[in-house]
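The file upload.tsv contains TSV, C-alpha atoms:
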```tsv
chain	number	residue	atom	x	y	z
A	341	MET	CA	-33.88	-29.05	-95.61
A	342	VAL	CA	-34.08	-29.46	-99.39
A	343	LEU	CA	-33.50	-25.71	-99.74
A	344	PHE	CA	-30.29	-25.93	-97.71
A	345	LEU	CA	-28.98	-29.04	-99.44
A	346	THR	CA	-29.15	-27.30	-102.82
A	347	CYS	CA	-26.32	-25.07	-101.65
A	348	VAL	CA	-23.93	-27.89	-100.72
A	349	GLN	CA	-22.49	-28.24	-104.20
A	350	ILE	CA	-21.84	-24.58	-104.86
A	351	GLY	CA	-18.64	-24.54	-106.86
A	352	ASN	CA	-16.31	-26.60	-109.01
A	353	ARG	CA	-13.04	-24.76	-108.36
A	354	GLY	CA	-12.47	-26.03	-104.84
A	355	THR	CA	-9.52	-28.01	-103.52
A	356	VAL	CA	-11.63	-30.46	-101.53
A	357	THR	CA	-13.03	-33.14	-103.82
A	358	GLU	CA	-14.98	-36.33	-103.25
A	359	ALA	CA	-12.98	-39.08	-101.57
A	360	ALA	CA	-12.68	-42.21	-103.68
A	361	GLY	CA	-14.25	-45.33	-102.21
A	362	PHE	CA	-16.13	-43.25	-99.67
A	363	ASN	CA	-17.61	-45.33	-96.82
A	364	PRO	CA	-19.42	-43.27	-94.16
A	365	GLU	CA	-19.63	-46.21	-91.76
A	366	ALA	CA	-15.87	-46.73	-91.93
A	367	ASP	CA	-15.29	-43.01	-91.33
A	368	VAL	CA	-17.61	-43.13	-88.32
A	369	GLN	CA	-15.51	-45.95	-86.88
A	370	LYS	CA	-12.31	-43.96	-87.42
A	371	LEU	CA	-13.78	-40.95	-85.64
A	372	ARG	CA	-15.03	-43.07	-82.74
A	373	GLU	CA	-11.56	-44.59	-82.36
A	374	ALA	CA	-10.04	-41.09	-82.47
A	375	MET	CA	-12.20	-39.98	-79.54
A	376	LYS	CA	-11.71	-43.08	-77.37
A	377	GLY	CA	-9.89	-42.89	-74.07
A	378	ALA	CA	-7.92	-39.95	-72.73
A	379	GLY	CA	-7.21	-37.26	-75.29
A	380	THR	CA	-8.15	-37.16	-78.95
A	381	ASN	CA	-6.26	-38.34	-82.01
A	382	GLU	CA	-6.39	-35.04	-83.91
A	383	ALA	CA	-4.53	-36.52	-86.88
A	384	ALA	CA	-7.30	-39.07	-87.41
A	385	VAL	CA	-9.95	-36.34	-87.19
A	386	ILE	CA	-8.08	-34.30	-89.79
A	387	GLU	CA	-7.66	-37.32	-92.05
A	388	VAL	CA	-11.43	-37.81	-92.19
A	389	ILE	CA	-12.91	-34.32	-91.93
A	390	ALA	CA	-10.47	-32.43	-94.15
A	391	HIS	CA	-10.50	-35.00	-96.96
A	392	ARG	CA	-14.26	-35.32	-97.45
A	393	THR	CA	-16.59	-32.98	-99.28
A	394	ASN	CA	-19.36	-31.19	-97.44
A	395	ALA	CA	-21.92	-33.61	-98.88
A	396	GLN	CA	-19.86	-36.57	-97.68
A	397	ARG	CA	-19.52	-35.03	-94.22
A	398	GLN	CA	-23.31	-34.78	-94.01
A	399	ARG	CA	-23.55	-38.52	-94.70
A	400	ILE	CA	-20.94	-39.17	-92.01
A	401	LYS	CA	-23.00	-37.11	-89.55
A	402	GLU	CA	-26.11	-39.14	-90.37
A	403	ALA	CA	-24.27	-42.45	-90.07
A	404	TYR	CA	-22.73	-41.36	-86.76
A	405	LYS	CA	-26.13	-40.50	-85.27
A	406	GLN	CA	-27.58	-43.79	-86.49
A	407	SER	CA	-24.80	-45.92	-85.02
A	408	VAL	CA	-24.02	-43.95	-81.85
A	409	GLY	CA	-27.28	-42.16	-81.12
A	410	LYS	CA	-25.47	-38.86	-80.61
A	411	ASP	CA	-24.62	-35.84	-82.70
A	412	LEU	CA	-21.11	-35.93	-84.20
A	413	ALA	CA	-20.66	-32.17	-83.86
A	414	ASP	CA	-21.53	-32.32	-80.16
A	415	ASP	CA	-19.05	-35.12	-79.50
A	416	LEU	CA	-16.25	-33.41	-81.40
A	417	SER	CA	-17.01	-30.12	-79.68
A	418	SER	CA	-16.53	-31.75	-76.28
A	419	GLU	CA	-13.28	-33.42	-77.40
A	420	LEU	CA	-11.62	-30.48	-79.14
A	421	SER	CA	-10.85	-26.89	-78.20
A	422	GLY	CA	-9.80	-23.51	-79.53
A	423	ASN	CA	-9.33	-22.78	-83.19
A	424	PHE	CA	-9.05	-26.46	-84.08
A	425	ARG	CA	-12.57	-27.00	-82.81
A	426	SER	CA	-13.80	-23.95	-84.74
A	427	VAL	CA	-12.37	-25.30	-87.99
A	428	VAL	CA	-13.70	-28.84	-87.56
A	429	LEU	CA	-17.19	-27.74	-86.53
A	430	GLY	CA	-17.26	-25.25	-89.41
A	431	LEU	CA	-16.40	-27.97	-91.91
A	432	LEU	CA	-19.26	-30.11	-90.60
A	433	MET	CA	-21.83	-27.42	-91.39
A	434	LEU	CA	-23.61	-26.86	-94.68
A	435	ALA	CA	-22.40	-23.69	-96.43
A	436	PRO	CA	-25.43	-21.48	-95.62
A	437	VAL	CA	-25.56	-22.86	-92.08
A	438	TYR	CA	-21.93	-21.89	-91.57
A	439	ASP	CA	-22.50	-18.39	-92.99
A	440	ALA	CA	-25.53	-17.86	-90.74
A	441	TYR	CA	-23.56	-19.15	-87.74
A	442	GLU	CA	-20.66	-16.80	-88.49
A	443	LEU	CA	-23.00	-13.83	-88.87
A	444	ARG	CA	-24.71	-14.71	-85.60
A	445	THR	CA	-21.36	-15.03	-83.82
A	446	ALA	CA	-20.18	-11.69	-85.25
A	447	MET	CA	-23.19	-9.92	-83.73
A	448	LYS	CA	-23.48	-11.89	-80.50
A	449	GLY	CA	-22.60	-10.23	-77.22
A	450	ALA	CA	-20.86	-6.90	-76.79
A	451	GLY	CA	-19.42	-5.40	-79.95
A	452	THR	CA	-19.69	-6.46	-83.57
A	453	GLU	CA	-17.17	-8.06	-85.92
A	454	GLU	CA	-17.93	-5.83	-88.91
A	455	ALA	CA	-15.33	-7.63	-91.04
A	456	CYS	CA	-17.42	-10.82	-90.91
A	457	LEU	CA	-20.57	-9.00	-92.02
A	458	ILE	CA	-18.65	-7.41	-94.88
A	459	ASP	CA	-16.89	-10.61	-96.02
A	460	ILE	CA	-20.13	-12.59	-96.23
A	461	LEU	CA	-22.73	-10.07	-97.37
A	462	ALA	CA	-20.52	-8.48	-100.04
A	463	SER	CA	-19.55	-11.79	-101.64
A	464	ARG	CA	-22.63	-14.02	-101.68
A	465	SER	CA	-25.03	-14.42	-104.61
A	466	ASN	CA	-28.76	-13.69	-104.39
A	467	ALA	CA	-29.56	-17.40	-104.06
A	468	GLU	CA	-26.97	-17.85	-101.33
A	469	MET	CA	-28.28	-14.81	-99.44
A	470	ARG	CA	-31.87	-16.02	-99.61
A	471	THR	CA	-30.83	-19.38	-98.17
A	472	ILE	CA	-28.78	-17.73	-95.42
A	473	ASN	CA	-31.75	-15.51	-94.55
A	474	ALA	CA	-34.09	-18.50	-94.39
A	475	PHE	CA	-31.80	-20.55	-92.16
A	476	TYR	CA	-31.00	-17.60	-89.89
A	477	LYS	CA	-34.69	-16.98	-89.26
A	478	LYS	CA	-35.39	-20.68	-88.66
A	479	GLU	CA	-32.41	-21.30	-86.37
A	480	TYR	CA	-32.31	-18.06	-84.37
A	481	GLU	CA	-36.00	-17.07	-84.48
A	482	LYS	CA	-35.09	-13.60	-85.68
A	483	SER	CA	-34.62	-12.19	-89.15
A	484	LEU	CA	-31.10	-11.44	-90.27
A	485	GLU	CA	-32.20	-7.92	-91.17
A	486	ASP	CA	-33.44	-7.30	-87.62
A	487	ALA	CA	-30.18	-8.65	-86.23
A	488	VAL	CA	-28.09	-6.41	-88.50
A	489	CYS	CA	-30.21	-3.35	-87.72
A	490	GLY	CA	-29.82	-4.03	-84.01
A	491	ASP	CA	-26.02	-4.14	-84.21
A	492	THR	CA	-25.13	-1.53	-86.83
A	493	SER	CA	-26.19	2.00	-87.70
A	494	GLY	CA	-26.07	4.78	-90.26
A	495	MET	CA	-25.19	4.34	-93.90
A	496	PHE	CA	-23.16	1.20	-93.15
A	497	GLN	CA	-26.35	-0.42	-91.88
A	498	ARG	CA	-28.28	0.68	-94.99
A	499	VAL	CA	-25.70	-0.87	-97.31
A	500	LEU	CA	-25.77	-4.17	-95.38
A	501	VAL	CA	-29.58	-4.26	-95.46
A	502	SER	CA	-29.55	-3.60	-99.22
A	503	LEU	CA	-27.17	-6.52	-99.74
A	504	LEU	CA	-29.03	-9.01	-97.54
A	505	THR	CA	-32.32	-8.36	-99.36
A	506	ALA	CA	-30.75	-10.24	-102.30
A	507	GLY	CA	-32.14	-7.85	-104.90
A	508	ARG	CA	-29.15	-7.31	-107.16
A	509	ASP	CA	-29.77	-7.66	-110.89
A	510	GLU	CA	-27.88	-10.82	-111.89
A	511	SER	CA	-28.48	-10.65	-115.63
A	512	ASP	CA	-25.72	-10.07	-118.18
A	513	LYS	CA	-27.40	-7.05	-119.76
A	514	VAL	CA	-25.37	-3.85	-120.15
A	515	ASP	CA	-27.21	-0.59	-120.80
A	516	GLU	CA	-24.53	1.65	-122.30
A	517	ALA	CA	-26.49	4.87	-121.81
A	518	GLN	CA	-27.34	3.96	-118.21
A	519	ALA	CA	-23.72	3.02	-117.54
A	520	VAL	CA	-22.58	6.52	-118.55
A	521	LEU	CA	-25.33	8.05	-116.43
A	522	ASP	CA	-24.43	5.89	-113.41
A	523	ALA	CA	-20.77	6.85	-113.70
A	524	LYS	CA	-21.74	10.52	-113.87
A	525	ASP	CA	-24.05	10.18	-110.86
A	526	ILE	CA	-21.32	8.60	-108.74
A	527	TYR	CA	-18.83	11.27	-109.79
A	528	GLU	CA	-21.23	14.09	-108.96
A	529	ALA	CA	-22.07	12.42	-105.66
A	530	GLY	CA	-18.44	12.29	-104.61
A	531	GLU	CA	-15.44	13.81	-106.32
A	532	ALA	CA	-17.36	16.68	-107.93
A	533	ARG	CA	-18.90	18.05	-104.74
A	534	TRP	CA	-18.15	19.04	-101.18
A	535	GLY	CA	-19.17	16.08	-99.03
A	536	THR	CA	-20.44	12.76	-100.31
A	537	ASP	CA	-23.90	11.52	-101.24
A	538	GLU	CA	-23.46	7.90	-100.17
A	539	VAL	CA	-26.96	6.93	-101.27
A	540	LYS	CA	-25.95	7.36	-104.92
A	541	PHE	CA	-23.09	4.92	-104.40
A	542	LEU	CA	-25.47	2.46	-102.71
A	543	THR	CA	-28.06	2.70	-105.49
A	544	VAL	CA	-25.52	1.88	-108.19
A	545	LEU	CA	-23.13	-0.53	-106.44
A	546	CYS	CA	-25.75	-2.65	-104.63
A	547	VAL	CA	-28.35	-2.93	-107.39
A	548	ARG	CA	-26.73	-3.09	-110.86
A	549	ASN	CA	-25.42	-6.36	-112.34
A	550	ARG	CA	-21.73	-7.19	-112.60
A	551	ASN	CA	-21.26	-6.68	-116.34
A	552	HIS	CA	-23.04	-3.35	-116.21
A	553	LEU	CA	-20.88	-2.18	-113.30
A	554	MET	CA	-17.68	-3.11	-115.13
A	555	ARG	CA	-18.76	-0.62	-117.82
A	556	VAL	CA	-19.68	1.94	-115.14
A	557	PHE	CA	-16.19	1.67	-113.67
A	558	GLU	CA	-14.63	2.20	-117.10
A	559	GLU	CA	-16.75	5.29	-117.72
A	560	TYR	CA	-16.02	6.57	-114.23
A	561	GLN	CA	-12.29	6.36	-114.94
A	562	LYS	CA	-12.78	8.48	-118.06
A	563	ILE	CA	-14.89	11.08	-116.29
A	564	SER	CA	-12.94	11.43	-113.05
A	565	GLY	CA	-9.45	10.36	-114.04
A	566	ARG	CA	-9.45	8.01	-111.05
A	567	ASP	CA	-10.24	4.37	-110.39
A	568	ILE	CA	-13.48	3.85	-108.47
A	569	GLU	CA	-11.59	2.23	-105.58
A	570	ASP	CA	-9.36	5.30	-105.21
A	571	SER	CA	-12.40	7.56	-105.10
A	572	ILE	CA	-14.07	5.41	-102.44
A	573	LYS	CA	-10.94	5.69	-100.31
A	574	ARG	CA	-10.92	9.47	-100.77
A	575	GLU	CA	-14.62	9.99	-100.11
A	576	MET	CA	-15.35	7.55	-97.29
A	577	SER	CA	-13.84	6.06	-94.16
A	578	GLY	CA	-14.28	3.30	-91.63
A	579	CYS	CA	-16.76	0.47	-92.18
A	580	LEU	CA	-18.55	2.31	-94.99
A	581	GLU	CA	-15.32	2.53	-96.95
A	582	ASP	CA	-14.61	-1.14	-96.23
A	583	ILE	CA	-18.01	-2.37	-97.41
A	584	PHE	CA	-18.02	-0.37	-100.66
A	585	LEU	CA	-14.45	-1.46	-101.43
A	586	ALA	CA	-15.41	-5.09	-100.72
A	587	ILE	CA	-18.38	-4.83	-103.10
A	588	VAL	CA	-16.22	-3.43	-105.91
A	589	LYS	CA	-13.43	-5.97	-105.36
A	590	CYS	CA	-15.86	-8.91	-105.27
A	591	LEU	CA	-17.50	-7.69	-108.48
A	592	ARG	CA	-14.11	-7.54	-110.16
A	593	SER	CA	-12.73	-10.82	-108.76
A	594	LYS	CA	-13.88	-12.75	-105.71
A	595	PRO	CA	-10.73	-14.92	-105.69
A	596	ALA	CA	-8.54	-11.79	-105.65
A	597	PHE	CA	-10.67	-10.31	-102.86
A	598	PHE	CA	-10.29	-13.41	-100.69
A	599	ALA	CA	-6.58	-13.73	-101.50
A	600	GLU	CA	-6.07	-10.20	-100.22
A	601	ARG	CA	-8.14	-10.91	-97.11
A	602	LEU	CA	-6.04	-14.00	-96.38
A	603	TYR	CA	-2.81	-12.08	-96.89
A	604	LYS	CA	-3.85	-9.27	-94.56
A	605	SER	CA	-5.12	-11.73	-91.95
A	606	MET	CA	-1.59	-13.15	-91.63
A	607	LYS	CA	0.54	-10.07	-92.26
A	608	GLY	CA	2.01	-8.04	-89.45
A	609	LEU	CA	2.36	-8.72	-85.75
A	610	GLY	CA	-0.68	-10.92	-85.27
A	611	THR	CA	-2.92	-13.30	-87.11
A	612	THR	CA	-6.63	-12.60	-87.46
A	613	ASP	CA	-7.62	-16.20	-86.84
A	614	SER	CA	-11.35	-15.66	-87.40
A	615	VAL	CA	-10.80	-14.28	-90.92
A	616	LEU	CA	-8.34	-17.03	-91.82
A	617	ILE	CA	-10.63	-19.79	-90.56
A	618	ARG	CA	-13.77	-18.33	-92.13
A	619	ILE	CA	-12.30	-18.02	-95.61
A	620	MET	CA	-10.56	-21.40	-95.62
A	621	VAL	CA	-13.71	-23.18	-94.44
A	622	ALA	CA	-16.21	-21.27	-96.58
A	623	ARG	CA	-14.30	-21.27	-99.89
A	624	ALA	CA	-12.73	-24.76	-99.76
A	625	GLU	CA	-15.25	-26.24	-102.23
A	626	ILE	CA	-16.06	-23.12	-104.21
A	627	ASP	CA	-13.01	-21.33	-105.58
A	628	MET	CA	-9.95	-22.16	-103.45
A	629	LEU	CA	-8.00	-23.17	-106.56
A	630	ASP	CA	-8.56	-19.68	-107.98
A	631	ILE	CA	-7.78	-18.04	-104.63
A	632	LYS	CA	-4.47	-19.94	-104.52
A	633	ALA	CA	-3.64	-18.82	-108.07
A	634	GLN	CA	-4.50	-15.21	-107.29
A	635	PHE	CA	-2.48	-15.29	-104.07
A	636	LEU	CA	0.58	-16.45	-105.98
A	637	LYS	CA	0.03	-13.82	-108.67
A	638	MET	CA	-0.49	-10.97	-106.21
A	639	TYR	CA	2.17	-11.79	-103.60
A	640	GLY	CA	4.72	-13.98	-105.36
A	641	LYS	CA	4.32	-16.83	-102.85
A	642	THR	CA	2.03	-19.82	-102.64
A	643	LEU	CA	-0.71	-19.62	-100.04
A	644	TYR	CA	0.67	-22.71	-98.32
A	645	SER	CA	4.22	-21.36	-98.14
A	646	PHE	CA	2.93	-18.06	-96.74
A	647	ILE	CA	1.04	-19.84	-93.95
A	648	LYS	CA	4.11	-21.97	-93.29
A	649	GLU	CA	6.40	-18.92	-93.27
A	650	MET	CA	4.16	-17.11	-90.83
A	651	LEU	CA	4.19	-20.10	-88.49
A	652	ASP	CA	7.96	-20.46	-88.72
A	653	LYS	CA	8.42	-16.95	-87.34
A	654	CYS	CA	6.74	-18.09	-84.14
A	655	ARG	CA	8.32	-21.49	-83.76
A	656	LYS	CA	11.78	-20.97	-85.23
A	657	GLY	CA	13.85	-24.05	-84.62
A	658	LEU	CA	10.80	-26.31	-84.17
A	659	ALA	CA	10.03	-27.05	-87.80
A	660	ASP	CA	11.98	-28.65	-90.58
A	661	VAL	CA	10.58	-28.35	-94.07
A	662	ILE	CA	11.41	-31.38	-96.17
A	663	LYS	CA	10.92	-31.11	-99.92
A	664	LYS	CA	11.03	-34.05	-102.28
A	665	ARG	CA	10.41	-33.10	-105.92
A	666	ASP	CA	7.11	-31.17	-105.91
A	667	LYS	CA	5.86	-32.74	-102.68
A	668	VAL	CA	6.01	-30.87	-99.39
A	669	ARG	CA	5.67	-32.38	-95.96
A	670	ILE	CA	6.32	-30.95	-92.56
A	671	ALA	CA	8.28	-32.49	-89.71
A	672	VAL	CA	7.39	-30.72	-86.48
A	673	LYS	CA	8.68	-31.47	-83.01
A	674	SER	CA	6.00	-29.47	-81.17
A	675	TYR	CA	2.81	-31.37	-80.54
A	676	LYS	CA	-0.25	-29.26	-81.21
A	677	ILE	CA	0.79	-25.93	-82.73
A	678	LEU	CA	0.42	-27.21	-86.29
A	679	ILE	CA	-2.82	-29.13	-85.90
A	680	PRO	CA	-5.23	-26.41	-87.07
A	681	PHE	CA	-2.91	-25.35	-89.85
A	682	SER	CA	-2.37	-28.96	-90.89
A	683	LEU	CA	-6.09	-29.03	-91.50
A	684	PHE	CA	-5.82	-25.86	-93.58
A	685	ALA	CA	-2.95	-27.41	-95.48
A	686	SER	CA	-5.11	-30.41	-96.23
A	687	VAL	CA	-7.81	-28.11	-97.54
A	688	ILE	CA	-5.42	-26.37	-99.92
A	689	LYS	CA	-3.92	-29.64	-101.11
A	690	SER	CA	-0.38	-28.93	-99.98
A	691	ILE	CA	0.23	-31.61	-97.39
A	692	GLU	CA	-1.76	-34.44	-98.92
A	693	ALA	CA	1.36	-35.94	-100.48
A	694	ALA	CA	2.75	-36.79	-97.04
A	695	GLU	CA	3.70	-40.37	-96.39
A	696	PRO	CA	0.94	-42.73	-95.18
A	697	GLY	CA	0.74	-42.54	-91.40
A	698	TYR	CA	2.93	-39.44	-91.28
A	699	MET	CA	0.50	-37.34	-89.24
A	700	ALA	CA	0.03	-40.18	-86.76
A	701	ARG	CA	3.78	-40.32	-86.22
A	702	LEU	CA	3.87	-36.54	-85.92
A	703	THR	CA	1.35	-36.42	-83.08
A	704	SER	CA	2.91	-39.39	-81.28
A	705	SER	CA	6.27	-37.63	-80.75
A	706	ARG	CA	5.39	-36.54	-77.24
A	707	SER	CA	8.89	-36.66	-75.80
A	708	ASP	CA	10.35	-34.51	-78.57
A	709	MET	CA	7.39	-32.20	-78.29
A	710	ALA	CA	7.80	-31.68	-74.57
A	711	GLY	CA	11.46	-30.74	-74.82
A	712	SER	CA	11.04	-28.42	-77.79
A	713	ALA	CA	8.00	-26.67	-76.38
A	714	SER	CA	9.72	-26.26	-73.01
A	715	ARG	CA	12.69	-24.59	-74.69
A	716	LEU	CA	10.37	-22.25	-76.57
A	717	TYR	CA	8.55	-21.53	-73.31
A	718	SER	CA	11.75	-20.60	-71.51
A	719	LEU	CA	13.04	-18.40	-74.33
A	720	ARG	CA	9.84	-16.45	-75.02
A	721	PRO	CA	8.81	-14.33	-72.01
A	722	TRP	CA	5.82	-12.98	-73.95
A	723	ALA	CA	4.53	-16.52	-74.36
A	724	ARG	CA	4.31	-17.30	-70.68
A	725	LYS	CA	1.01	-17.90	-68.98
A	726	PRO	CA	0.35	-19.62	-65.63
A	727	PRO	CA	0.13	-23.41	-66.03
A	728	LEU	CA	-3.34	-24.85	-65.88
A	729	PRO	CA	-4.05	-26.74	-62.60
A	730	ASN	CA	-2.94	-30.34	-62.97
A	731	GLY	CA	-2.86	-29.94	-66.71
A	732	PRO	CA	-0.69	-28.97	-69.65
A	733	LYS	CA	0.97	-25.62	-70.00
A	734	ARG	CA	-0.75	-23.39	-72.53
A	735	LEU	CA	1.46	-21.34	-74.80
A	736	THR	CA	0.58	-18.58	-77.22
A	737	CYS	CA	2.67	-16.45	-79.53
A	738	PRO	CA	1.83	-13.53	-81.83
A	739	GLY	CA	0.67	-14.65	-85.25
A	740	ALA	CA	-0.05	-18.23	-84.25
A	741	LEU	CA	-2.88	-20.24	-82.81
A	742	THR	CA	-2.87	-21.38	-79.20
A	743	PHE	CA	-0.99	-24.62	-78.70
A	744	GLN	CA	-0.16	-26.89	-75.79
A	745	SER	CA	2.88	-28.66	-74.50
A	746	GLY	CA	2.71	-31.79	-72.41
A	747	ARG	CA	4.19	-31.75	-68.96
A	748	THR	CA	7.31	-33.74	-68.18
A	749	GLY	CA	8.17	-35.38	-64.93
```

Target encoding structure tokens, full file:
Amino acid sequence: MVLFLTCVQIGNRGTVTEAAGFNPEADVQKLREAMKGAGTNEAAVIEVIAHRTNAQRQRIKEAYKQSVGKDLADDLSSELSGNFRSVVLGLLMLAPVYDAYELRTAMKGAGTEEACLIDILASRSNAEMRTINAFYKKEYEKSLEDAVCGDTSGMFQRVLVSLLTAGRDESDKVDEAQAVLDAKDIYEAGEARWGTDEVKFLTVLCVRNRNHLMRVFEEYQKISGRDIEDSIKREMSGCLEDIFLAIVKCLRSKPAFFAERLYKSMKGLGTTDSVLIRIMVARAEIDMLDIKAQFLKMYGKTLYSFIKEMLDKCRKGLADVIKKRDKVRIAVKSYKILIPFSLFASVIKSIEAAEPGYMARLTSSRSDMAGSASRLYSLRPWARKPPLPNGPKRLTCPGALTFQSGRTG
């Protein structure tokens, strides 16, 4: 357990910071009240979970078990559903525990979510990877390497295995002569020949330290006349292309890499919820401030406004954005569609300036919610699904999370 706890405080550029006057017993009482009776007060859950650091959440979990005799995650899991449950349970986990859980989920059952393997293995440090490996083996009684080898194949598998062995040189040393040689080797393994020797790329990109590779990329540009990312796109395809591009982008700038991943997860016809949730949960206490800055620099919009804009496309007429000076709060007439994203907004510090009790009032507007959601339901044929027996109607729309409307009458 000591090994895992060392990874709780893993960054100082996050948007979630320690709550002042933190009282785990008081938070336990709030959560118990939120889960009492029929239904769950999601706003109260958000208020506690999204505004505490990971270390503080661990203390809340301990206090909950001491006072209730049950596991907080189990109780919340039974009370919540869908993406909201995924976010809350993810925030309750230690960082390496969450990474191991996500990797396990990505390889569980039929098919594999290669994007998850790439996002995690290409971006974690040696120390983080060693901790993830240790927890994975302890929790799932199988080594992460065996799991990866059982679900992937070919050169893609070999690159993943190289990354999860946590053997990258993490020194600052730059060998100028070796950098020139590495750049030449990559060029001759790709652009300068028919076919591609992927092993040469693996040997250089998965082993050398960051500073050294920055020099390699400069030399490669001189030799080939192309950026290393352009050559990877020309020489490779599929998951192998994705993993090598992710490695290069993470070496250059992890915040920029995650900003791009967030943008692509929300762009287009649908939202890749798993990517959005994974990044927001995993990076909240590490470098979310830098990711926000990079997102604004790369796309000309704040991360919060982009999430809000994407949601508005699916619930046009249901939201009214109210701005007062530099504070932003959201008035929504639908009941549950915003709940998961309200949690994200809390994580990125964009809704925290809302008035005291605002979220409670938001989730109590059941009559307004029912009418608005019913209108959306009647106007969106693609959103229709059979009503659940004796329960609420469940609505979905492209690019948004599943939400519910209460029944009237």

Residues within 12 Å of segment 538-544 of chain A, all atoms listed in the file, excluding chain neighbours under 3 positions, as number ranges by chain
A: 494-503, 507-509, 518-531, 535, 547-550, 552-554, 556-557, 568-569, 571-572, 575-577, 580-581, 583-585, 587-588

Spatial neighbours of Met433 of chain A, max dist 12 Å, all atoms listed in the file, sep filter under 4 positions, as number ranges by chain
A: 344-345, 347-348, 389, 393-401, 412-413, 426-429, 437-442, 621-622

For a test of reading the model, state the distance in Å between atom CA of Leu420 of chain A and atom CA of Ala374 of chain A, rounded to one decimal.
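Distance between the two atoms: 11.2 Å.
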
One-decimal distance in Å that lies between atom CA of Arg444 of chain A and atom CA of Cys456 of chain A:
9.8 Å

Hey, what's within 9 Å of Glu365 of chain A if we count all atoms listed in the file and toss same-chain stuff fewer than 2 positions away? As a PDB file with C-alpha atoms, keeping the file's coordinate frame, please?
```pdb
ATOM      1  CA  ASN A 363     -17.610 -45.330 -96.820  1.00  0.00           C
ATOM      2  CA  ASP A 367     -15.290 -43.010 -91.330  1.00  0.00           C
ATOM      3  CA  VAL A 368     -17.610 -43.130 -88.320  1.00  0.00           C
ATOM      4  CA  GLN A 369     -15.510 -45.950 -86.880  1.00  0.00           C
ATOM      5  CA  LYS A 370     -12.310 -43.960 -87.420  1.00  0.00           C
ATOM      6  CA  ILE A 400     -20.940 -39.170 -92.010  1.00  0.00           C
ATOM      7  CA  ALA A 403     -24.270 -42.450 -90.070  1.00  0.00           C
ATOM      8  CA  TYR A 404     -22.730 -41.360 -86.760  1.00  0.00           C
ATOM      9  CA  SER A 407     -24.800 -45.920 -85.020  1.00  0.00           C
TER      10      SER A 407
END
```

Minimum-distance residue to Ala517 of chain A, chosen among A:Asn423, A:Glu559, A:Gly354, A:Val615 (using all atoms listed in the file)
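That would be A:Glu559, the residue with the smallest distance to Ala517 of chain A.
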
Quick check, in Å to one decimal: how far apart do atom CA of Arg555 of chain A and atom CA of Glu468 of chain A lie?
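So the answer is 25.2 Å.
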
Neighbouring residues of Leu602 of chain A were defined as those with any atom within 8 Å, considering all atoms listed in the file; residues of the same chain fewer than 4 positions away were excluded. Please report them as a PyMOL selection string.
chain A and resi 598+606+615-616+619

Measuring between all atoms listed in the file, which one of A:Ser483, A:Met628, A:Leu504, A:Gly379 shows the shortest distance to Ser421 of chain A?
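Once distances to Ser421 of chain A are computed over all atoms listed in the file, the minimum belongs to A:Gly379.
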
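Once only C-alpha atoms are considered, the residues situated within 8 Å of the file point (-15.8, -11.0, -98.0) turn out to be Ala455, Cys456, Leu457, Ile458, Asp459, Ile460, Leu461, Ala462, Ser463, Ala586, Cys590, Phe597, Phe598 and Arg601 of chain A.
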
Cut-off 12 Å around (-25.3, -12.7, -80.5) with all atoms listed in the file: residues as a list of chain:residue names:
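Here the neighbourhood of the point contains A:Ala440, A:Tyr441, A:Glu442, A:Leu443, A:Arg444, A:Thr445, A:Ala446, A:Met447, A:Lys448, A:Gly449, A:Ala450, A:Gly451, A:Thr452, A:Glu453, A:Tyr480, A:Lys482, A:Leu484, A:Ala487, A:Val488, A:Gly490, A:Asp491.
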
Using only C-alpha atoms: which of A:Phe646, A:Phe635, A:Arg425, A:Asp627 has the shortest distance to Arg353 of chain A
A:Asp627

Which residue of A:Ala506, A:Ala384, A:Ile626, A:Ile617 approaches Gly422 of chain A most closely, using all atoms listed in the file:
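Among the listed residues, A:Ile617 lies closest to Gly422 of chain A.
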
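Among the candidates A:Ala360, A:Ala390, A:Ala596, A:Val385, the one nearest to Asp415 of chain A when counting all atoms listed in the file is A:Val385.
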
I need segment 562-578 of chain A written out with C-alpha atoms, as a tab-separated table (two decimals), in the first residue's frame; please produce it.
```tsv
chain	number	residue	atom	x	y	z
A	562	LYS	CA	18.03	17.91	-41.38
A	563	ILE	CA	18.69	14.50	-42.90
A	564	SER	CA	15.24	13.71	-44.29
A	565	GLY	CA	13.72	17.14	-44.80
A	566	ARG	CA	10.66	15.95	-42.90
A	567	ASP	CA	9.38	16.07	-39.35
A	568	ILE	CA	9.52	12.71	-37.57
A	569	GLU	CA	5.73	12.69	-37.16
A	570	ASP	CA	5.24	13.11	-40.92
A	571	SER	CA	7.56	10.20	-41.60
A	572	ILE	CA	5.73	7.97	-39.12
A	573	LYS	CA	2.46	8.75	-40.90
A	574	ARG	CA	4.05	7.92	-44.25
A	575	GLU	CA	5.75	4.72	-43.14
A	576	MET	CA	3.18	3.14	-40.81
A	577	SER	CA	-0.54	2.67	-40.36
A	578	GLY	CA	-3.15	1.57	-37.87
```
